[in-house]
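Peer 1: Next up, start_25.tsv (TSV, C-alpha atoms).
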```tsv
chain	number	residue	atom	x	y	z
W	1	MET	CA	5.65	-39.59	10.81
W	2	GLY	CA	6.12	-36.69	8.39
W	3	ASP	CA	7.45	-33.24	9.13
W	4	PRO	CA	4.88	-31.61	11.47
W	5	PHE	CA	5.94	-28.18	10.19
W	6	ALA	CA	5.06	-29.16	6.61
W	7	PRO	CA	2.12	-27.29	5.06
W	8	PRO	CA	-0.73	-29.11	3.32
W	9	THR	CA	0.44	-30.92	0.18
W	10	ALA	CA	-2.90	-30.84	-1.63
W	11	CYS	CA	-3.30	-28.23	-4.35
W	12	PRO	CA	-5.59	-25.38	-3.21
W	13	ARG	CA	-7.92	-26.30	-6.06
W	14	SER	CA	-8.82	-29.46	-4.13
W	15	TRP	CA	-9.46	-27.62	-0.85
W	16	LYS	CA	-13.10	-28.05	0.11
W	17	HIS	CA	-13.38	-24.51	1.42
W	18	ARG	CA	-10.89	-22.47	-0.57
W	19	PRO	CA	-9.08	-20.20	0.26
W	20	CYS	CA	-8.94	-22.10	3.58
W	21	LEU	CA	-8.26	-25.67	4.60
W	22	LEU	CA	-9.00	-27.34	7.94
W	23	ARG	CA	-6.93	-30.29	9.14
W	24	VAL	CA	-5.91	-32.14	12.30
W	25	SER	CA	-2.61	-30.66	13.50
W	26	PRO	CA	0.38	-32.95	12.86
W	27	PHE	CA	1.66	-31.79	16.26
W	28	ALA	CA	-1.34	-33.45	17.94
W	29	SER	CA	-0.72	-37.11	17.21
W	30	GLN	CA	-3.17	-38.15	19.95
W	31	VAL	CA	-6.07	-36.48	18.11
W	32	THR	CA	-7.66	-38.83	15.59
W	33	ILE	CA	-10.60	-38.97	13.19
W	34	PRO	CA	-12.41	-42.35	13.30
W	35	PRO	CA	-11.40	-44.44	10.25
W	36	SER	CA	-15.03	-45.27	9.53
W	37	VAL	CA	-15.79	-41.62	8.86
W	38	GLU	CA	-15.49	-40.17	5.36
W	39	ALA	CA	-13.85	-37.00	6.70
W	40	CYS	CA	-10.17	-36.85	5.75
W	41	PRO	CA	-7.97	-35.58	8.64
W	42	ASP	CA	-6.00	-33.50	6.11
W	43	ASN	CA	-9.04	-31.81	4.55
W	44	LEU	CA	-11.84	-31.62	7.11
W	45	PRO	CA	-15.33	-30.26	6.44
W	46	MET	CA	-16.40	-26.77	7.46
W	47	ASN	CA	-19.49	-24.64	6.95
W	48	GLU	CA	-22.47	-26.35	5.35
W	49	ALA	CA	-20.41	-29.50	4.75
W	50	GLY	CA	-21.25	-30.31	8.34
W	51	THR	CA	-19.73	-31.66	11.51
W	52	PHE	CA	-17.00	-34.25	12.05
W	53	PRO	CA	-16.19	-36.56	14.98
W	54	PHE	CA	-12.80	-36.79	16.67
W	55	GLU	CA	-11.16	-38.42	19.67
W	56	SER	CA	-8.10	-37.89	21.87
W	57	ASP	CA	-6.73	-39.31	25.10
W	58	LEU	CA	-8.75	-36.79	27.14
W	59	PHE	CA	-11.85	-36.01	25.09
W	60	GLN	CA	-14.24	-37.49	22.53
W	61	GLY	CA	-16.70	-35.46	20.53
W	62	VAL	CA	-17.70	-33.60	17.39
W	63	ALA	CA	-16.74	-30.21	15.96
W	64	TYR	CA	-18.46	-27.72	13.69
W	65	ILE	CA	-16.56	-24.77	12.23
W	66	ARG	CA	-17.89	-21.90	10.10
W	67	VAL	CA	-15.81	-19.22	8.40
W	68	THR	CA	-17.12	-16.28	6.35
W	69	GLY	CA	-15.64	-15.66	2.92
W	70	THR	CA	-15.03	-19.34	2.12
W	71	THR	CA	-16.96	-21.65	-0.18
W	72	ASP	CA	-20.20	-23.27	0.98
W	73	VAL	CA	-20.44	-21.05	4.04
W	74	GLY	CA	-24.16	-20.33	4.00
W	75	GLN	CA	-25.11	-16.94	5.36
W	76	ASN	CA	-28.01	-17.73	7.70
W	77	TYR	CA	-25.81	-17.98	10.78
W	78	PHE	CA	-23.78	-14.83	10.03
W	79	ASN	CA	-26.68	-12.64	8.86
W	80	GLY	CA	-27.08	-9.63	11.13
W	81	LYS	CA	-23.95	-10.49	13.10
W	82	ARG	CA	-20.46	-9.01	13.10
W	83	ARG	CA	-19.00	-12.49	13.57
W	84	ARG	CA	-16.51	-13.79	11.03
W	85	MET	CA	-15.83	-17.23	12.46
W	86	GLN	CA	-17.47	-19.76	14.74
W	87	ALA	CA	-16.17	-23.00	16.24
W	88	VAL	CA	-18.41	-25.32	18.26
W	89	VAL	CA	-16.96	-28.33	20.05
W	90	GLN	CA	-19.18	-30.82	21.84
W	91	GLY	CA	-18.30	-34.00	23.68
W	92	GLN	CA	-17.32	-35.82	26.82
W	93	PHE	CA	-14.20	-35.76	28.97
W	94	LYS	CA	-12.67	-39.18	29.49
W	95	LYS	CA	-11.60	-38.43	33.04
W	96	GLU	CA	-12.25	-35.76	35.64
W	97	LEU	CA	-10.08	-32.70	35.02
W	98	SER	CA	-9.74	-29.41	36.84
W	99	CYS	CA	-11.19	-26.42	35.01
W	100	ALA	CA	-7.92	-24.68	35.93
W	101	ASP	CA	-5.88	-27.12	33.81
W	102	ILE	CA	-7.45	-26.84	30.35
W	103	TYR	CA	-6.57	-23.94	28.04
W	104	THR	CA	-7.53	-22.73	24.60
W	105	GLY	CA	-6.13	-20.07	22.25
W	106	GLN	CA	-3.04	-20.09	20.04
W	107	SER	CA	0.17	-22.01	20.74
W	108	LEU	CA	2.57	-21.55	17.83
W	109	ASN	CA	5.53	-23.73	16.97
W	110	LYS	CA	7.81	-21.12	15.40
W	111	PRO	CA	8.76	-17.57	16.43
W	112	ILE	CA	6.73	-14.65	15.14
W	113	LYS	CA	8.50	-13.39	12.05
W	114	ARG	CA	8.13	-9.64	12.29
W	115	MET	CA	6.86	-8.12	15.49
W	116	PRO	CA	4.46	-5.24	14.84
W	117	PRO	CA	5.19	-1.86	16.45
W	118	ASN	CA	4.94	-1.90	20.23
W	119	ALA	CA	1.77	0.20	20.20
W	120	ILE	CA	0.08	-2.38	17.99
W	121	VAL	CA	1.22	-5.25	20.21
W	122	LYS	CA	-0.28	-3.48	23.21
W	123	GLY	CA	-3.51	-3.03	21.25
W	124	VAL	CA	-3.66	-6.73	20.40
W	125	ILE	CA	-3.02	-7.68	24.02
W	126	ALA	CA	-5.75	-5.29	25.18
W	127	VAL	CA	-8.26	-6.84	22.74
W	128	VAL	CA	-7.38	-10.40	23.77
W	129	ARG	CA	-7.50	-9.61	27.48
W	130	ALA	CA	-10.87	-7.93	27.06
W	131	LEU	CA	-12.16	-11.14	25.46
W	132	SER	CA	-10.35	-13.48	27.85
W	133	PRO	CA	-9.25	-12.06	31.22
W	134	GLY	CA	-6.33	-13.94	32.75
W	135	VAL	CA	-4.76	-14.77	29.39
W	136	LEU	CA	-1.19	-16.13	29.31
W	137	PHE	CA	0.72	-14.07	26.75
W	138	ASP	CA	4.17	-14.55	25.24
W	139	LEU	CA	4.85	-13.18	21.75
W	140	THR	CA	8.66	-13.16	21.80
W	141	SER	CA	9.72	-16.76	22.57
W	142	ASP	CA	10.40	-19.61	20.13
W	143	ASN	CA	6.90	-20.88	20.93
W	144	PRO	CA	4.69	-17.79	21.07
W	145	HIS	CA	1.31	-18.25	22.67
W	146	ALA	CA	-1.87	-16.57	23.85
W	147	LEU	CA	-3.77	-18.94	26.13
W	148	SER	CA	-6.78	-18.63	28.40
W	149	LEU	CA	-8.87	-21.09	30.37
W	150	LEU	CA	-11.30	-23.01	28.17
W	151	VAL	CA	-14.13	-22.56	30.66
W	152	ALA	CA	-13.59	-18.78	30.68
W	153	THR	CA	-13.20	-18.30	26.94
W	154	ALA	CA	-16.26	-19.87	25.30
W	155	GLN	CA	-18.92	-17.29	24.46
W	156	ALA	CA	-21.56	-19.89	25.30
W	157	LEU	CA	-21.24	-23.06	27.38
W	158	ASP	CA	-23.86	-25.78	27.67
W	159	ILE	CA	-23.47	-28.72	30.06
W	160	SER	CA	-26.12	-31.41	29.65
W	161	GLU	CA	-26.91	-34.98	30.58
W	162	LYS	CA	-26.12	-37.36	27.73
W	163	GLY	CA	-29.07	-37.41	25.34
W	164	SER	CA	-30.16	-33.88	26.24
W	165	GLU	CA	-27.29	-31.99	24.58
W	166	PRO	CA	-28.11	-29.26	22.00
W	167	ASP	CA	-27.71	-29.54	18.23
W	168	ILE	CA	-24.32	-27.94	17.59
W	169	THR	CA	-25.45	-26.48	14.26
W	170	SER	CA	-28.05	-24.38	16.11
W	171	GLU	CA	-27.60	-21.38	18.40
W	172	ILE	CA	-25.96	-22.52	21.66
W	173	MET	CA	-27.47	-21.10	24.85
W	174	GLU	CA	-25.75	-20.71	28.21
W	175	ASN	CA	-26.63	-23.67	30.44
W	176	THR	CA	-24.14	-24.29	33.26
W	177	SER	CA	-26.16	-25.45	36.28
W	178	LEU	CA	-24.41	-28.84	36.19
W	179	LEU	CA	-21.12	-27.13	37.04
W	180	GLY	CA	-22.53	-27.00	40.57
W	181	GLY	CA	-21.71	-24.49	43.28
W	182	VAL	CA	-22.78	-20.95	42.40
W	183	PHE	CA	-24.00	-22.21	39.01
W	184	THR	CA	-26.57	-24.62	40.44
W	185	ASP	CA	-29.57	-22.27	40.27
W	186	GLY	CA	-29.02	-21.77	36.52
W	187	ASN	CA	-29.05	-17.99	36.68
W	188	MET	CA	-25.38	-17.37	35.86
W	189	THR	CA	-24.89	-15.40	32.61
W	190	PHE	CA	-21.98	-15.98	30.27
W	191	THR	CA	-20.51	-12.63	31.33
W	192	GLN	CA	-20.64	-13.65	34.99
W	193	ARG	CA	-19.08	-17.02	34.15
W	194	LYS	CA	-16.21	-15.37	32.31
W	195	LYS	CA	-15.59	-12.96	35.17
W	196	LEU	CA	-15.67	-15.73	37.78
W	197	PHE	CA	-13.19	-17.92	35.88
W	198	SER	CA	-10.81	-15.05	35.17
W	199	THR	CA	-9.47	-15.82	38.64
W	200	MET	CA	-7.45	-19.04	38.82
W	201	THR	CA	-8.46	-19.82	42.40
W	202	ASN	CA	-12.10	-19.88	41.32
W	203	ALA	CA	-11.34	-22.21	38.39
W	204	GLN	CA	-9.58	-24.60	40.76
W	205	GLU	CA	-12.86	-25.18	42.60
W	206	PHE	CA	-14.61	-26.71	39.54
W	207	THR	CA	-14.00	-29.78	37.40
W	208	TYR	CA	-14.99	-31.26	34.04
W	209	LYS	CA	-16.79	-34.54	34.75
W	210	PRO	CA	-17.02	-37.68	32.59
W	211	GLY	CA	-20.57	-38.68	31.68
W	212	LEU	CA	-21.76	-35.13	31.02
W	213	VAL	CA	-21.82	-33.58	27.53
W	214	TYR	CA	-20.05	-30.21	27.24
W	215	THR	CA	-20.75	-27.85	24.32
W	216	PHE	CA	-18.30	-24.97	23.85
W	217	ASP	CA	-19.29	-22.23	21.41
W	218	PHE	CA	-16.55	-19.82	20.29
W	219	TYR	CA	-17.04	-16.94	17.87
W	220	GLN	CA	-15.18	-13.75	17.06
W	221	ASP	CA	-15.20	-10.76	14.73
W	222	ARG	CA	-11.53	-9.68	14.82
W	223	MET	CA	-9.87	-12.41	12.78
W	224	ASP	CA	-10.87	-12.34	9.11
W	225	VAL	CA	-9.75	-15.83	8.13
W	226	ALA	CA	-10.71	-15.55	4.46
W	227	SER	CA	-8.41	-12.53	3.95
W	228	TRP	CA	-5.91	-13.77	6.58
W	229	SER	CA	-5.96	-10.50	8.46
W	230	LEU	CA	-6.55	-9.20	11.97
W	231	ASP	CA	-8.99	-6.30	12.27
W	232	LEU	CA	-8.35	-4.09	15.30
W	233	GLY	CA	-10.99	-1.59	14.26
W	234	ILE	CA	-8.61	1.21	13.38
W	235	LYS	CA	-6.45	-0.91	11.07
W	236	LYS	CA	-6.21	-4.35	9.47
W	237	PHE	CA	-2.98	-6.34	9.68
W	238	LYS	CA	-2.03	-9.05	7.23
W	239	LEU	CA	-1.08	-12.07	9.33
W	240	MET	CA	1.06	-13.37	6.48
W	241	ASN	CA	3.60	-10.71	7.44
W	242	HIS	CA	3.89	-11.86	11.05
W	243	LEU	CA	2.96	-15.51	11.72
W	244	ASN	CA	5.92	-17.04	9.89
W	245	ARG	CA	3.68	-19.06	7.53
W	246	GLN	CA	1.88	-20.73	10.42
W	247	PRO	CA	-1.83	-21.58	10.57
W	248	ILE	CA	-4.22	-20.54	13.30
W	249	GLN	CA	-5.66	-23.16	15.63
W	250	VAL	CA	-8.96	-24.31	17.04
W	251	MET	CA	-7.65	-26.19	20.05
W	252	ALA	CA	-7.76	-27.09	23.73
W	253	MET	CA	-4.86	-28.46	25.75
W	254	THR	CA	-3.07	-28.79	29.05
W	255	LEU	CA	0.00	-26.60	29.53
W	256	ASP	CA	2.25	-29.60	28.80
W	257	ARG	CA	0.54	-29.86	25.37
W	258	ASN	CA	-1.67	-32.86	25.97
W	259	TRP	CA	-4.24	-31.95	23.35
W	260	LEU	CA	-7.97	-32.45	23.78
W	261	TYR	CA	-8.27	-31.35	20.16
W	262	ASN	CA	-6.15	-29.32	17.75
W	263	PHE	CA	-7.37	-28.35	14.29
W	264	GLU	CA	-5.35	-26.06	12.02
W	265	ILE	CA	-6.90	-23.53	9.65
W	266	TRP	CA	-4.61	-22.85	6.70
W	267	HIS	CA	-4.91	-20.09	4.13
W	268	GLU	CA	-3.54	-20.62	0.64
W	269	SER	CA	-1.38	-17.49	1.01
W	270	LEU	CA	0.73	-19.47	3.52
W	271	LEU	CA	1.91	-21.84	0.80
W	272	GLU	CA	5.07	-21.16	-1.15
W	273	ASP	CA	4.31	-19.38	-4.43
W	274	ASP	CA	6.29	-21.91	-6.48
W	275	PHE	CA	4.24	-24.80	-5.09
W	276	VAL	CA	0.93	-23.08	-5.84
W	277	LYS	CA	2.01	-22.22	-9.39
W	278	HIS	CA	3.25	-25.77	-9.99
W	279	CYS	CA	0.09	-27.49	-8.77
W	280	GLU	CA	-2.15	-25.07	-10.64
W	281	VAL	CA	-0.29	-25.82	-13.87
W	282	THR	CA	-0.43	-29.55	-13.14
W	283	SER	CA	-4.17	-29.34	-12.54
W	284	ASP	CA	-4.62	-27.53	-15.86
W	285	GLU	CA	-2.62	-30.22	-17.66
W	286	ASP	CA	-4.64	-32.98	-16.00
W	287	SER	CA	-7.88	-31.35	-17.13
W	288	GLU	CA	-6.60	-31.47	-20.72
W	289	GLY	CA	-5.82	-35.21	-20.60
W	290	PRO	CA	-7.05	-37.97	-22.94
W	291	ALA	CA	-10.70	-37.53	-22.00
W	292	SER	CA	-10.62	-33.82	-22.85
W	293	ALA	CA	-8.72	-34.50	-26.04
W	294	ALA	CA	-11.30	-37.08	-27.10
W	295	LEU	CA	-14.07	-34.55	-26.63
W	296	SER	CA	-12.10	-31.99	-28.63
W	297	ASP	CA	-11.60	-34.46	-31.48
W	298	GLY	CA	-15.34	-34.86	-31.78
W	299	ASP	CA	-15.91	-31.18	-32.51
```
Give the structure from this file in structure tokens form.
Peer 2:
Amino acid sequence: MGDPFAPPTACPRSWKHRPCLLRVSPFASQVTIPPSVEACPDNLPMNEAGTFPFESDLFQGVAYIRVTGTTDVGQNYFNGKRRRMQAVVQGQFKKELSCADIYTGQSLNKPIKRMPPNAIVKGVIAVVRALSPGVLFDLTSDNPHALSLLVATAQALDISEKGSEPDITSEIMENTSLLGGVFTDGNMTFTQRKKLFSTMTNAQEFTYKPGLVYTFDFYQDRMDVASWSLDLGIKKFKLMNHLNRQPIQVMAMTLDRNWLYNFEIWHESLLEDDFVKHCEVTSDEDSEGPASAALSDGD
């Protein structure tokens, strides 16, 4: 196994959705892409390139990720919305799990490089907690993280019988009656769901069940992935200055890092300048190889 901290080795020119690249995290060895699928785990499709299947020890499904400002994004979904990114994950749990045990968010592998001023940190925490009450926050350790319960974080959650699940490239509607309990009558809104699951004792009363198809729809307007910046409304912050050359994640996991899925979104600004310059020069030289020379000779 290679160095899990290593950035992508492919030249940004080959990235399907430059300036960003999506890959399976090397830290999540249990997450695989079926070998029969054309999708490369080190350069996964996003946007109009479509969905891709994946599997782990706890979950099997498909994912669909859209990011504004990248190639082949298509604007129909984002038109009229403030959203800058969407991630939809759909699939089945392989065993029954407590809703209190599965988290999503960011779980970094290296310390934050330069902590912003304390007032800014408080602002970030306030924004995250407004989106995800009950978040677990630690920005100062060797493994910084911001985690919240998966069931409380998704902006839309659909739970369907197999064969009745929604198309994940379409708008996902709240549909949680199969959670049971107070959800049974089907009248619970996404805001009410988030509020209910902001309390751990409530989450402990519900489980994810094998045999049902869960569709989690996440979207946000704060993280501008294409410019690699965080927009807090009053100011934008370049993440390059703070994340220690680490990607952001689309992931779900248990607290002991048993990953349901973990996909990294890289920005080309995270790569070392010397590497980018070298591969760009190499690409230029390759494009002027024998075939190009032969065409030139015919002029």
Peer 1: CA of Arg66 (chain W) to CA of Leu271 (chain W): how many Å, to one decimal?
Peer 2: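 Spanning CA of Arg66 (chain W) to CA of Leu271 (chain W) is a straight-line distance of 21.9 Å.
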Peer 1: For CA of Asp138 (chain W) and CA of Leu255 (chain W), determine how far apart the two atoms are, in Å to one decimal place.
Peer 2: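 The value is 13.5 Å.
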Peer 1: For region 151-163 of chain W, work out the shell of residues within 7 Å, counting only C-alpha atoms and skipping chain neighbours fewer than 3 positions away, then give it as a list of chain:residue names.
Peer 2: W:Cys99, W:Ser132, W:Ser148, W:Ile172, W:Met173, W:Glu174, W:Asn175, W:Thr176, W:Leu178, W:Phe190, W:Arg193, W:Lys194, W:Phe197, W:Ser198, W:Gly211, W:Leu212, W:Val213, W:Tyr214, W:Thr215, W:Phe216, W:Asp217, W:Phe218, W:Tyr219
Peer 1: Pick from W:Val31, W:Met200, W:Leu149, W:Ala6: nearest to Leu270 (chain W), with only C-alpha atoms counted?
Peer 2: W:Ala6
Peer 1: Would you mind listing, for every residue of region 164-273 of chain W within 10 Å of region 40-48 of chain W, the two atoms forming the shortest contact and the distance between them in Å to one decimal, using all atoms listed in the file, sorted by chain and ascending residue number, as JSON lines?
Peer 2:
```
{"residue": "W:Thr169", "atom": "CA", "partner": "W:Glu48", "partner_atom": "CA", "distance": 9.4}
{"residue": "W:Phe263", "atom": "CA", "partner": "W:Leu44", "partner_atom": "CA", "distance": 9.1}
{"residue": "W:Glu264", "atom": "CA", "partner": "W:Asp42", "partner_atom": "CA", "distance": 9.5}
{"residue": "W:Ile265", "atom": "CA", "partner": "W:Leu44", "partner_atom": "CA", "distance": 9.8}
```
Peer 1: Just to be explicit: take each residue in the selection above, keep C-alpha atoms, and write the result as a PDB file, in the coordinates of the input.
Peer 2:
```pdb
ATOM      1  CA  THR W 169     -25.450 -26.480  14.260  1.00  0.00           C
ATOM      2  CA  PHE W 263      -7.370 -28.350  14.290  1.00  0.00           C
ATOM      3  CA  GLU W 264      -5.350 -26.060  12.020  1.00  0.00           C
ATOM      4  CA  ILE W 265      -6.900 -23.530   9.650  1.00  0.00           C
TER       5      ILE W 265
END
```
Peer 1: Of the candidates W:Cys279, W:Lys122, W:Val135, W:Phe54, which shows the shortest atom-to-atom distance to Tyr103 (chain W), using all atoms listed in the file?
Peer 2: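 Smallest separation from Tyr103 (chain W) among the options: W:Val135.
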